>>> print(open('start-v5.cif').read())   # mmCIF, C-alpha atoms and all ligand atoms
data_run
loop_
_atom_site.label_atom_id
_atom_site.label_comp_id
_atom_site.auth_asym_id
_atom_site.auth_seq_id
_atom_site.Cartn_x
_atom_site.Cartn_y
_atom_site.Cartn_z
CA MET W 1 15.05 24.06 11.05
CA THR W 2 15.45 20.38 10.04
CA THR W 3 15.85 19.42 6.38
CA PRO W 4 12.60 18.01 4.93
CA VAL W 5 12.44 14.38 3.80
CA ARG W 6 12.47 14.40 -0.02
CA LEU W 7 9.75 12.24 -1.57
CA LEU W 8 9.22 10.70 -4.97
CA ILE W 9 5.56 9.79 -5.55
CA HIS W 10 5.17 6.91 -8.00
CA GLY W 11 1.74 6.41 -9.60
CA ALA W 12 1.07 10.12 -9.14
CA SER W 13 -1.88 10.32 -11.55
CA GLY W 14 -3.82 7.58 -9.74
CA ARG W 15 -6.44 7.80 -7.00
CA MET W 16 -3.83 7.21 -4.29
CA GLY W 17 -1.16 9.27 -6.04
CA GLN W 18 -3.45 12.30 -6.13
CA ALA W 19 -4.32 11.90 -2.44
CA LEU W 20 -0.61 11.62 -1.58
CA LEU W 21 0.30 14.78 -3.52
CA ARG W 22 -2.51 16.73 -1.85
CA LEU W 23 -1.84 15.48 1.69
CA ALA W 24 1.96 15.73 1.54
CA THR W 25 1.55 19.52 1.62
CA GLU W 26 0.01 19.16 5.12
CA ARG W 27 3.29 17.81 6.53
CA PRO W 28 6.04 20.45 6.70
CA GLY W 29 8.66 17.73 7.29
CA LEU W 30 8.01 16.27 3.82
CA GLN W 31 8.75 17.71 0.41
CA VAL W 32 7.67 16.10 -2.86
CA VAL W 33 10.59 16.51 -5.28
CA ALA W 34 9.23 14.27 -8.05
CA ALA W 35 5.86 12.94 -9.17
CA VAL W 36 6.10 10.01 -11.58
CA GLN W 37 3.25 8.85 -13.79
CA ARG W 38 2.83 7.02 -17.06
CA LYS W 39 2.24 10.13 -19.19
CA VAL W 40 3.07 13.74 -18.34
CA ASP W 41 1.05 16.70 -19.65
CA GLN W 42 2.73 19.42 -17.58
CA ARG W 43 6.40 19.34 -16.51
CA VAL W 44 5.68 21.22 -13.27
CA LEU W 45 2.29 21.11 -11.58
CA ASP W 46 1.56 22.88 -8.27
CA GLY W 47 5.31 23.43 -7.92
CA VAL W 48 6.11 19.68 -8.18
CA PRO W 49 8.34 18.44 -11.05
CA HIS W 50 6.57 15.68 -12.99
CA PHE W 51 8.32 12.82 -14.83
CA ALA W 52 6.97 10.17 -17.19
CA SER W 53 7.63 6.55 -16.16
CA SER W 54 10.04 6.25 -19.09
CA GLU W 55 12.12 9.09 -17.53
CA LEU W 56 12.25 7.58 -14.03
CA ALA W 57 16.05 7.44 -14.04
CA ALA W 58 16.15 11.23 -14.56
CA ALA W 59 14.37 11.92 -11.27
CA PRO W 60 16.34 14.12 -8.85
CA ALA W 61 17.80 12.82 -5.57
CA PHE W 62 15.11 11.68 -3.12
CA ASP W 63 15.10 10.09 0.34
CA VAL W 64 11.96 7.93 0.04
CA ALA W 65 9.81 6.73 -2.86
CA ILE W 66 6.13 6.13 -2.12
CA ASP W 67 4.65 3.74 -4.67
CA PHE W 68 0.94 3.16 -5.21
CA SER W 69 0.80 1.91 -8.78
CA LEU W 70 0.18 -1.47 -10.37
CA PRO W 71 2.33 -4.64 -10.50
CA GLU W 72 3.36 -3.89 -14.09
CA ALA W 73 4.85 -0.55 -13.01
CA PHE W 74 6.46 -1.73 -9.77
CA ASP W 75 9.87 -3.22 -10.74
CA PRO W 76 11.67 -0.09 -12.05
CA VAL W 77 10.88 2.06 -9.01
CA LEU W 78 12.05 -0.60 -6.55
CA ALA W 79 15.22 -1.06 -8.63
CA LEU W 80 15.85 2.71 -8.64
CA CYS W 81 15.56 2.89 -4.84
CA ALA W 82 17.94 -0.04 -4.40
CA GLU W 83 20.42 1.54 -6.83
CA ARG W 84 20.34 4.96 -5.17
CA GLY W 85 20.05 3.75 -1.56
CA SER W 86 16.69 5.49 -1.07
CA ALA W 87 13.98 4.11 1.20
CA PHE W 88 10.89 2.53 -0.36
CA VAL W 89 7.27 2.55 0.84
CA SER W 90 4.74 0.66 -1.25
CA GLY W 91 1.06 -0.18 -1.04
CA THR W 92 0.77 -1.73 -4.49
CA THR W 93 -1.23 -4.96 -4.33
CA GLY W 94 -1.44 -7.95 -6.65
CA LEU W 95 2.35 -8.39 -6.68
CA SER W 96 3.78 -11.65 -8.04
CA GLY W 97 5.89 -14.08 -6.02
CA ALA W 98 8.98 -12.83 -7.87
CA GLN W 99 8.15 -9.25 -6.91
CA ARG W 100 7.76 -10.23 -3.25
CA GLU W 101 11.18 -11.89 -3.49
CA ALA W 102 12.64 -8.74 -5.06
CA LEU W 103 11.39 -6.81 -2.02
CA GLU W 104 13.11 -9.29 0.26
CA THR W 105 16.36 -8.98 -1.70
CA ALA W 106 16.23 -5.17 -1.75
CA SER W 107 15.68 -5.07 2.02
CA ALA W 108 19.34 -6.07 2.45
CA ARG W 109 20.30 -2.72 0.84
CA ILE W 110 17.58 -0.23 1.76
CA PRO W 111 14.89 0.33 4.40
CA LEU W 112 11.55 -0.64 2.88
CA LEU W 113 7.98 -1.12 3.96
CA TRP W 114 5.29 -2.82 1.91
CA ALA W 115 1.81 -3.04 3.39
CA SER W 116 -1.44 -4.20 1.83
CA ASN W 117 -3.30 -1.62 3.91
CA PHE W 118 -1.98 1.59 5.50
CA SER W 119 -4.98 2.27 7.78
CA LEU W 120 -4.73 2.07 11.55
CA GLY W 121 -8.06 0.23 11.72
CA VAL W 122 -6.86 -2.67 9.56
CA ALA W 123 -3.67 -2.95 11.65
CA ILE W 124 -5.95 -3.55 14.65
CA LEU W 125 -8.27 -5.84 12.67
CA ASP W 126 -5.24 -7.98 11.81
CA GLU W 127 -4.53 -8.49 15.52
CA LEU W 128 -8.20 -9.31 16.22
CA VAL W 129 -8.20 -11.90 13.43
CA GLU W 130 -5.08 -13.57 14.83
CA ARG W 131 -6.71 -13.74 18.25
CA ALA W 132 -10.06 -15.06 16.99
CA ALA W 133 -8.46 -17.70 14.75
CA ALA W 134 -6.27 -18.98 17.59
CA ALA W 135 -9.22 -19.12 20.00
CA LEU W 136 -11.68 -20.79 17.60
CA PRO W 137 -10.11 -23.98 16.16
CA GLY W 138 -12.42 -25.82 13.79
CA TRP W 139 -14.63 -22.79 13.03
CA ASP W 140 -15.18 -21.75 9.42
CA CYS W 141 -13.29 -18.59 8.41
CA ASP W 142 -14.62 -16.52 5.50
CA ILE W 143 -13.21 -13.23 4.23
CA VAL W 144 -15.43 -11.00 2.11
CA GLU W 145 -13.88 -7.89 0.56
CA SER W 146 -15.75 -5.13 -1.31
CA HIS W 147 -14.14 -2.47 -3.50
CA HIS W 148 -14.89 -0.02 -6.33
CA THR W 149 -15.37 -1.36 -9.83
CA ARG W 150 -12.01 -0.02 -11.08
CA LYS W 151 -9.96 -2.21 -8.74
CA LYS W 152 -8.02 -4.76 -10.80
CA ASP W 153 -6.79 -7.38 -8.30
CA ALA W 154 -8.95 -9.87 -6.39
CA PRO W 155 -8.91 -10.94 -3.64
CA SER W 156 -7.63 -7.61 -2.33
CA GLY W 157 -4.17 -7.41 -0.80
CA THR W 158 -5.76 -6.74 2.58
CA ALA W 159 -7.98 -9.83 2.33
CA LEU W 160 -4.92 -11.96 1.58
CA SER W 161 -2.97 -10.44 4.50
CA LEU W 162 -5.89 -11.03 6.87
CA GLY W 163 -6.13 -14.58 5.53
CA ALA W 164 -2.43 -15.11 6.21
CA ALA W 165 -2.96 -13.87 9.78
CA ALA W 166 -5.79 -16.39 10.19
CA GLU W 167 -3.69 -19.18 8.67
CA ARG W 168 -0.75 -18.49 11.00
CA ASN W 169 -3.20 -19.21 13.79
CA GLY W 170 -4.64 -22.45 12.45
CA ALA W 171 -7.65 -21.31 10.38
CA THR W 172 -8.20 -22.05 6.68
CA PRO W 173 -9.89 -19.00 5.13
CA ARG W 174 -12.11 -18.81 2.06
CA TYR W 175 -12.37 -15.61 0.04
CA ALA W 176 -15.16 -13.75 -1.74
CA SER W 177 -14.83 -10.46 -3.65
CA ILE W 178 -17.43 -7.84 -4.54
CA ARG W 179 -16.76 -5.05 -7.05
CA ALA W 180 -19.47 -2.40 -6.88
CA GLY W 181 -19.84 1.37 -7.32
CA ASP W 182 -17.22 3.53 -5.61
CA ILE W 183 -16.68 1.49 -2.42
CA VAL W 184 -13.32 2.63 -0.99
CA GLY W 185 -12.58 -0.69 0.74
CA GLU W 186 -14.44 -3.00 3.12
CA HIS W 187 -13.22 -6.21 4.75
CA LEU W 188 -15.39 -8.67 6.68
CA VAL W 189 -13.73 -11.60 8.46
CA GLN W 190 -16.37 -14.03 9.64
CA PHE W 191 -15.81 -16.96 12.00
CA SER W 192 -18.74 -19.41 12.03
CA GLY W 193 -19.27 -22.17 14.56
CA ALA W 194 -22.29 -24.35 15.40
CA GLY W 195 -25.09 -22.01 16.45
CA GLU W 196 -22.98 -18.83 16.59
CA ARG W 197 -20.90 -16.45 14.47
CA ILE W 198 -18.39 -13.64 14.94
CA GLU W 199 -18.09 -10.87 12.33
CA LEU W 200 -15.09 -8.54 12.34
CA VAL W 201 -15.52 -5.67 9.88
CA HIS W 202 -13.44 -2.70 8.73
CA ARG W 203 -14.94 -0.07 6.42
CA ALA W 204 -12.77 2.58 4.82
CA THR W 205 -14.90 5.54 3.72
CA ASN W 206 -12.10 7.80 2.49
CA ARG W 207 -8.78 6.79 0.89
CA ASP W 208 -7.02 9.69 2.64
CA ILE W 209 -6.52 7.28 5.56
CA PHE W 210 -4.22 5.15 3.39
CA ALA W 211 -2.35 8.18 2.05
CA ARG W 212 -1.80 9.63 5.53
CA GLY W 213 -0.56 6.24 6.75
CA ALA W 214 1.92 5.98 3.86
CA LEU W 215 3.20 9.54 4.38
CA HIS W 216 3.66 8.82 8.07
CA ALA W 217 5.54 5.60 7.22
CA ALA W 218 7.79 7.50 4.78
CA ALA W 219 8.63 10.14 7.38
CA ARG W 220 9.50 7.44 9.92
CA LEU W 221 11.45 5.21 7.50
CA ALA W 222 13.84 7.84 6.12
CA GLY W 223 17.36 7.38 7.46
CA ARG W 224 16.73 3.97 9.06
CA PRO W 225 19.09 1.04 8.45
CA PRO W 226 18.26 -1.39 5.63
CA GLY W 227 15.55 -3.93 6.40
CA ALA W 228 11.96 -4.98 5.74
CA TYR W 229 9.83 -2.95 8.14
CA ARG W 230 6.20 -3.59 9.07
CA LEU W 231 3.58 -0.91 9.60
CA ARG W 232 3.52 -1.70 13.30
CA ASP W 233 7.26 -0.83 13.45
CA VAL W 234 6.53 2.77 12.45
CA LEU W 235 3.12 3.45 14.02
N1 LIG P 1 -1.91 -0.52 0.69
C1 LIG P 1 -2.94 0.33 0.75
O1 LIG P 1 -3.28 0.88 1.82
C2 LIG P 1 -3.67 0.65 -0.51
C3 LIG P 1 -3.27 0.06 -1.67
N2 LIG P 1 -3.86 0.39 -2.85
C4 LIG P 1 -3.25 -0.19 -4.03
O2 LIG P 1 -2.50 0.85 -4.66
C5 LIG P 1 -2.47 0.63 -6.06
C6 LIG P 1 -2.97 1.89 -6.77
O3 LIG P 1 -4.33 2.10 -6.45
P1 LIG P 1 -5.12 3.32 -7.14
O4 LIG P 1 -4.41 4.60 -6.87
O5 LIG P 1 -6.53 3.18 -6.72
O6 LIG P 1 -4.97 2.92 -8.68
P2 LIG P 1 -5.06 3.84 -9.98
O7 LIG P 1 -5.41 2.93 -11.10
O8 LIG P 1 -5.94 5.01 -9.71
O9 LIG P 1 -3.55 4.38 -10.16
C7 LIG P 1 -2.52 3.54 -10.60
C8 LIG P 1 -1.32 4.38 -10.97
O10 LIG P 1 -0.30 3.55 -11.54
C9 LIG P 1 -0.01 4.00 -12.86
N3 LIG P 1 0.29 2.91 -13.78
C10 LIG P 1 -0.50 1.88 -14.13
N4 LIG P 1 0.12 1.06 -15.00
C11 LIG P 1 1.34 1.61 -15.22
C12 LIG P 1 2.45 1.23 -16.03
N5 LIG P 1 2.43 0.11 -16.77
N6 LIG P 1 3.55 2.00 -15.99
C13 LIG P 1 3.59 3.12 -15.23
N7 LIG P 1 2.56 3.54 -14.45
C14 LIG P 1 1.45 2.78 -14.45
C15 LIG P 1 -1.27 4.72 -13.30
O11 LIG P 1 -0.98 5.59 -14.39
P3 LIG P 1 -2.15 5.99 -15.43
O12 LIG P 1 -2.92 7.06 -14.73
O13 LIG P 1 -1.40 6.49 -16.62
O14 LIG P 1 -2.93 4.74 -15.71
C16 LIG P 1 -1.61 5.45 -12.01
O15 LIG P 1 -0.75 6.56 -11.79
C17 LIG P 1 -3.31 -0.63 -6.31
O16 LIG P 1 -2.45 -1.73 -6.34
C18 LIG P 1 -4.21 -0.70 -5.07
O17 LIG P 1 -4.64 -2.00 -4.79
C19 LIG P 1 -4.85 1.32 -2.91
C20 LIG P 1 -5.31 1.92 -1.79
C21 LIG P 1 -4.75 1.64 -0.48
O1 LIG P 2 -7.40 -0.81 -4.56
C1 LIG P 2 -7.86 -0.26 -3.54
O2 LIG P 2 -8.64 0.70 -3.60
C2 LIG P 2 -7.44 -0.76 -2.22
N1 LIG P 2 -6.53 -1.70 -2.22
C3 LIG P 2 -5.93 -2.27 -1.07
C4 LIG P 2 -6.11 -3.77 -1.07
O3 LIG P 2 -6.01 -4.40 -2.13
O4 LIG P 2 -6.32 -4.35 0.00
C5 LIG P 2 -6.29 -1.59 0.22
C6 LIG P 2 -7.63 -0.93 0.27
O5 LIG P 2 -8.60 -1.87 0.59
C7 LIG P 2 -7.98 -0.16 -1.00
#
>>> encode(input="start-v5.cif", output="structure tokens")
Amino acid sequence: MTTPVRLLIHGASGRMGQALLRLATERPGLQVVAAVQRKVDQRVLDGVPHFASSELAAAPAFDVAIDFSLPEAFDPVLALCAERGSAFVSGTTGLSGAQREALETASARIPLLWASNFSLGVAILDELVERAAAALPGWDCDIVESHHTRKKDAPSGTALSLGAAAERNGATPRYASIRAGDIVGEHLVQFSGAGERIELVHRATNRDIFARGALHAAARLAGRPPGAYRLRDVL
């Protein structure tokens, strides 16, 4: 039997953290050895040791950290991975320029993968946007993203990544954000010309898709050489 990949889940009390803890049990090749969240009520929950953020340094040895938290919680977990030589998978959005640079710096020491969206559908949407933008010079490009009311950042990380894909191919996108109800995540990329319009849409209806994508990425990243990996490298 092969040794399971040891995971640390950072942001464990959150919507994504809870999905990750639940779905990690579906993959026998993965073992959660630490769940980290701001405050801890129970030291061990469902057999998983829990640590408060202030105790992060006390976490046991792990192969990969999966981080879905907030920008204000991000720096210590990346630093811990770099210090220990553990891989790092993160889907936290709204990062600052300095935090993006810290990722770049850390990629010289550890394998890491940051993605604004861990769904397969958005990976394909990204390619479609590149193709449409390149083929439609001079058309207007608008990106409309819709999310639940508890989302803090706007535009969403995915909207910004799709916008960057459009920009690399000559388009200048505009952004609009909607915060309503419990929408999991929707992205519309609209190209408008004279007398015609193309609409490319992705709708996430369950955040398990993001959690499964991140767990898959963690399983595939463990043991790789240092570097900044993209989702398409591990799909
Ligand atoms: N890339 C992708 O595919 C996806 C990315 N996301 C992104 O993932 C992130 C998390 O989303 P979601 O789970 O919905 O958010 P939640 O607000 O539900 O969870 C955030 C987590 O971070 C913790 N946290 C917040 N502030 C701090 C702090 N200062 N110190 C330590 N821990 C802190 C929260 O703890 P507490 O419970 O105590 O507040 C909680 O565990 C967001 O950036 C979101 O945009 C989300 C879905 C998919
Ligand atoms: O906060 C969320 O919920 C989501 N955030 C990501 C983003 O900012 O793009 C991905 C997904 O849309 C859900």
>>> closest_residue(input="start-v5.cif", among="W:Arg6, W:Arg22, W:His147, W:Arg220", to="ligand LIG 2 (chain P)", atoms="all atoms listed in the file")
W:His147
>>> residues_around(input="start-v5.cif", residues="Phe74 of chain W", least_positions_apart="2", cutoff="10 Å", atoms="only C-alpha atoms", output="ChimeraX atom specification")
/W:10-11,67-72,76-79,90,92-93,95,99
>>> closest_atom_pairs(input="start-v5.cif", of="segment 69-149 of chain W", to="segment 160-175 of chain W", cutoff="7 Å", atoms="only C-alpha atoms", output="CSV")
residue,atom,partner,partner_atom,distance
W:Ser116,CA,W:Ser161,CA,7.0
W:Asp126,CA,W:Leu162,CA,5.8
W:Val129,CA,W:Ala166,CA,6.0
W:Glu130,CA,W:Ala166,CA,5.5
W:Ala133,CA,W:Ala166,CA,5.4
W:Ala134,CA,W:Asn169,CA,4.9
W:Pro137,CA,W:Gly170,CA,6.8
W:Cys141,CA,W:Pro173,CA,4.7
W:Asp142,CA,W:Arg174,CA,4.8
W:Ile143,CA,W:Tyr175,CA,4.9
W:Val144,CA,W:Tyr175,CA,5.9
>>> closest_residue(input="start-v5.cif", among="W:Leu56, W:Ala180, W:Leu113, W:Ala135", to="ligand LIG 2 (chain P)", atoms="only C-alpha atoms and all ligand atoms")
W:Ala180
>>> residues_near_ligand(input="start-v5.cif", ligand="ligand LIG 2 (chain P)", cutoff="6 Å", atoms="all atoms listed in the file", output="ChimeraX atom specification")
/W:93,116-117,151,156-158,184-185
>>> residues_near_point(input="start-v5.cif", point="(-17.9, -7.7, -9.6)", cutoff="9 Å", atoms="all atoms listed in the file", output="number ranges by chain")
W: 146-149, 177-180
>>> write_last_selection(input="start-v5.cif", atoms="C-alpha atoms", output="PDB file, in the frame of the given file")
ATOM      1  CA  SER W 146     -15.750  -5.130  -1.310  1.00  0.00           C
ATOM      2  CA  HIS W 147     -14.140  -2.470  -3.500  1.00  0.00           C
ATOM      3  CA  HIS W 148     -14.890  -0.020  -6.330  1.00  0.00           C
ATOM      4  CA  THR W 149     -15.370  -1.360  -9.830  1.00  0.00           C
ATOM      5  CA  SER W 177     -14.830 -10.460  -3.650  1.00  0.00           C
ATOM      6  CA  ILE W 178     -17.430  -7.840  -4.540  1.00  0.00           C
ATOM      7  CA  ARG W 179     -16.760  -5.050  -7.050  1.00  0.00           C
ATOM      8  CA  ALA W 180     -19.470  -2.400  -6.880  1.00  0.00           C
TER       9      ALA W 180
END
>>> atom_distance(input="start-v5.cif", atom1="atom CA of Leu235 of chain W", atom2="atom CA of Arg100 of chain W")
22.5 Å
>>> atom_distance(input="start-v5.cif", atom1="atom CA of Ala115 of chain W", atom2="atom CA of Ile198 of chain W")
25.6 Å
